[in-house]
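So the structure is just underneath, and the comments pick up after that.
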Amino acid sequence: MNLDDLSRDLETLAEETASALAGASDVAAVEALELDVLGKKGRLTGVLRGIGALPADDRPKVGAIANRVRATIEAAVAERRTILGSAELDARLRAETIDVTMPGRPIRRGSLHPSIESMAEIARIFAQFGFVTYETPEIETDEYNFQDLNIPQDHPARDLWDTLYVDIPGRLLRTHTSPGQIHVMRTVKPPIRAILPGRCFRYEAIDASHGTEFFQVEGLMIDEGTTLGDLRGLLDEFAHAMFGAGKKTRFRPGYYPFTEPSVAFDVECLVCGGPGCPACGRSGWMTILGAGMVHPVVLRNCGLDPERYQGFAFGMGPERIAMLRHRINDIRLFLENDLRFLGQFR
Ligand SMILES: [Zn+2]
């Protein structure tokens with residue numbers, strides 16, 4: 001081994017490394033090459049092992065060439081690493097691109113169920129007259145649902161409600177919201193102005209106007225000197241707010257065991273406006289609720305003196321109200337959860 005051989009080996013290593021670098025296709029290949037040539041046990045070290053066999057004068061010359069070759073290779077490795085690294089980054093960025101101009105998936109907007117929306121509207125109208133909304137139980141006792149409302153055991157009026165009983169003795173699913181009146185009269189001191197919305201249950205044959213599960217909204221006012229005239233005035237205001245100003249209304253005699261006298265409250269037909277049509281059974285009127293003066297027996301059952309306190313109660317079906325407002329012809333639609341139906345009430 002002499003100076004010329006070593007110098008030539010070093011130049012050869014530099015050239016081979018340069019051409020291998022040009023062929024490297026990714027950063028990992030560049031790093032493997034760097035280790036192979038410049039590493040502790042790499043090819044450059046291997047070439048320089050021959051330096052010990054040279055005359056002492058030649059050693060610095062070879063050292064100078066070796067340093068130049070090492071620097072050249074290091075610079076070439078760094079350059080290639082930079083080029084390949086940025087190409088890889090570009091490719092990754094392109095692959096992970098999110099096109100922000102693409103329209104997103106639409107978020108479907110929900111809406112209140114028409115029963116709930118009608119109950120909220122009823123409560124909102126009566127709130128303007130000072131009526132407060134109360135929530136009362138869906139599972140009731142026979143006393144609250146019937147007896148305290150002046151419907152004793154074996155009273156023929158029980159035939160009006162086909163009752164669903166639960167597996168607890170003496171308990172049933174309330175057939176109307178009227179037991180809520182008892183709860184309120186026993187816990188709130190008069191004057192009382194209460195709205196009692198809620199779910200009711202009856203064992204009914206299901207048809208276009210009857211379901212086994214439905215909502216009711218009950219109203220109750222108890223005060224000194226309350227009259228049927230107050231009831232009429234209040235219901236007129238309600239009908240005008242709900243169905244339009246100036247709509248004609250009327251009372252017809254009705255019957256409920258817990259009110260005396262009892263009335264049905266009609267509003268002029270919302271379809272024909274009076275002359276009569278199929279929607280109103282050619283009568284020109286539509287019944288929207290039942291009402292009456294609270295029966296003295298019911299007042300006494302709640303610890304109120306009928307000589308001092310009078311009051312009225314009224315009850316309506318929010319589905320019926322919604323059917324009239326939105327011209328819906330089948331009550332079963334309210335419980336079928338069909339979005340084509342429900343989506344129409346935004
Ligand atoms: Zn009509």
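Chain labels follow the order of the structure tokens: the first chain is A, the next B, and so on; residue numbering restarts at 1 in every chain, and ligands are counted from 1 in their shown order.
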Hey, which bits of chain A sit within 9 Å of ligand 1, and for each residue what's the closest pair of atoms and how far apart in Å (one decimal), counting only C-alpha atoms and all ligand atoms, rows by chain and increasing number, as a tab-separated table?
```
residue	atom	partner	partner_atom_place_in_ligand_line	distance
A:Glu268	CA	ligand 1	1 (Zn)	7.8
A:Cys269	CA	ligand 1	1 (Zn)	4.4
A:Leu270	CA	ligand 1	1 (Zn)	6.5
A:Val271	CA	ligand 1	1 (Zn)	5.0
A:Cys272	CA	ligand 1	1 (Zn)	4.0
A:Gly273	CA	ligand 1	1 (Zn)	6.1
A:Gly274	CA	ligand 1	1 (Zn)	6.0
A:Pro275	CA	ligand 1	1 (Zn)	6.6
A:Gly276	CA	ligand 1	1 (Zn)	4.3
A:Cys277	CA	ligand 1	1 (Zn)	3.9
A:Pro278	CA	ligand 1	1 (Zn)	6.3
A:Ala279	CA	ligand 1	1 (Zn)	5.2
A:Cys280	CA	ligand 1	1 (Zn)	4.2
A:Gly281	CA	ligand 1	1 (Zn)	7.0
A:Arg282	CA	ligand 1	1 (Zn)	6.0
A:Ser283	CA	ligand 1	1 (Zn)	6.8
A:Gly284	CA	ligand 1	1 (Zn)	4.7
A:Trp285	CA	ligand 1	1 (Zn)	6.6
A:Met286	CA	ligand 1	1 (Zn)	7.8
```
Let's have the selection written as a compact mmCIF listing (two decimals), in the first residue's frame, with C-alpha atoms.
```txt
# COMPACT_ATOMS: atom_id res chain seq x y z
CA GLU A 268 -117.28 28.15 15.09
CA CYS A 269 -116.15 25.62 12.48
CA LEU A 270 -112.58 26.41 11.45
CA VAL A 271 -113.18 24.92 8.01
CA CYS A 272 -116.51 26.39 6.88
CA GLY A 273 -116.90 29.25 9.36
CA GLY A 274 -120.53 28.47 10.19
CA PRO A 275 -122.73 27.22 7.34
CA GLY A 276 -121.84 23.57 8.00
CA CYS A 277 -119.52 21.12 6.29
CA PRO A 278 -118.40 17.48 6.66
CA ALA A 279 -115.62 18.51 9.10
CA CYS A 280 -118.12 19.90 11.61
CA GLY A 281 -120.85 17.31 10.98
CA ARG A 282 -122.84 20.09 9.23
CA SER A 283 -123.40 21.80 12.59
CA GLY A 284 -121.11 24.80 11.98
CA TRP A 285 -119.43 24.23 15.38
CA MET A 286 -116.45 22.33 16.70
```
- [ ] Mind listing the strand (DSSP E or B) residues of region 117-149 of chain A, per DSSP on the backbone, as a ChimeraX atom specification?
- [x] /A:132-133,139-141
Task: Residue with smallest distance to Gly52 (chain A) - pool A:Thr97, A:Arg80, A:Leu299, A:Leu3, counting only C-alpha atoms - done: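 For Gly52 (chain A), the nearest of the given residues is A:Leu3.
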Open item on the list: Just checking: using only C-alpha atoms, which residue out of A:Met293, A:Glu135, A:Arg171, A:Ile107 ends up closest to Tyr255 (chain A)?
Closed with: A:Met293
Open item on the list: Nearest residue to Ile83 (chain A) out of A:Val30, A:Ala95, A:Ile182, A:Ala322, using only C-alpha atoms?
Closed with: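 Using only C-alpha atoms, the shortest distance to Ile83 (chain A) belongs to A:Val30.
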Task: Those in region 166-236 of chain A with helix (DSSP H, G or I) from DSSP, as a list in words - done: Pro179, Gly180, Gln181, Ile182, His183, Val184, Met185, Arg186, Thr187, Leu228, Gly229, Asp230, Leu231, Arg232, Gly233, Leu234, Leu235 and Asp236 of chain A
- [ ] Fewer than 6 positions away in the same chain doesn't count, so skip those; otherwise give me all residues within 10 Å of Ile206 (chain A), counting only C-alpha atoms, as a VMD selection string.
- [x] chain A and resid 212 to 213 331 to 332
Can you spit out the residues from that selection as a compact mmCIF listing (two decimals), in the first residue's frame, using N, CA and C atoms?
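Here's the written file again22.txt:
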```txt
# COMPACT_ATOMS: atom_id res chain seq x y z
N THR A 212 -104.95 4.76 22.93
CA THR A 212 -104.90 4.31 24.31
C THR A 212 -104.06 5.25 25.17
N GLU A 213 -103.29 6.10 24.51
CA GLU A 213 -102.40 6.99 25.23
C GLU A 213 -102.54 8.36 24.58
N ILE A 331 -105.73 10.85 14.54
CA ILE A 331 -105.01 11.02 15.80
C ILE A 331 -103.86 10.03 15.93
N ARG A 332 -103.91 8.92 15.19
CA ARG A 332 -102.84 7.91 15.29
C ARG A 332 -101.50 8.45 14.82
```
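The two atoms in question, CA of Leu10 (chain A) and CA of Asp26 (chain A), are spaced 25.5 Å apart.
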Task: Counting only C-alpha atoms, the residue of A:Val77, A:Val69, A:Gly292, A:Val217 that sits nearest Ala120 (chain A) - done: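 Checking each of A:Val77, A:Val69, A:Gly292, A:Val217 against Ala120 (chain A), counting only C-alpha atoms, the winner is A:Val217.
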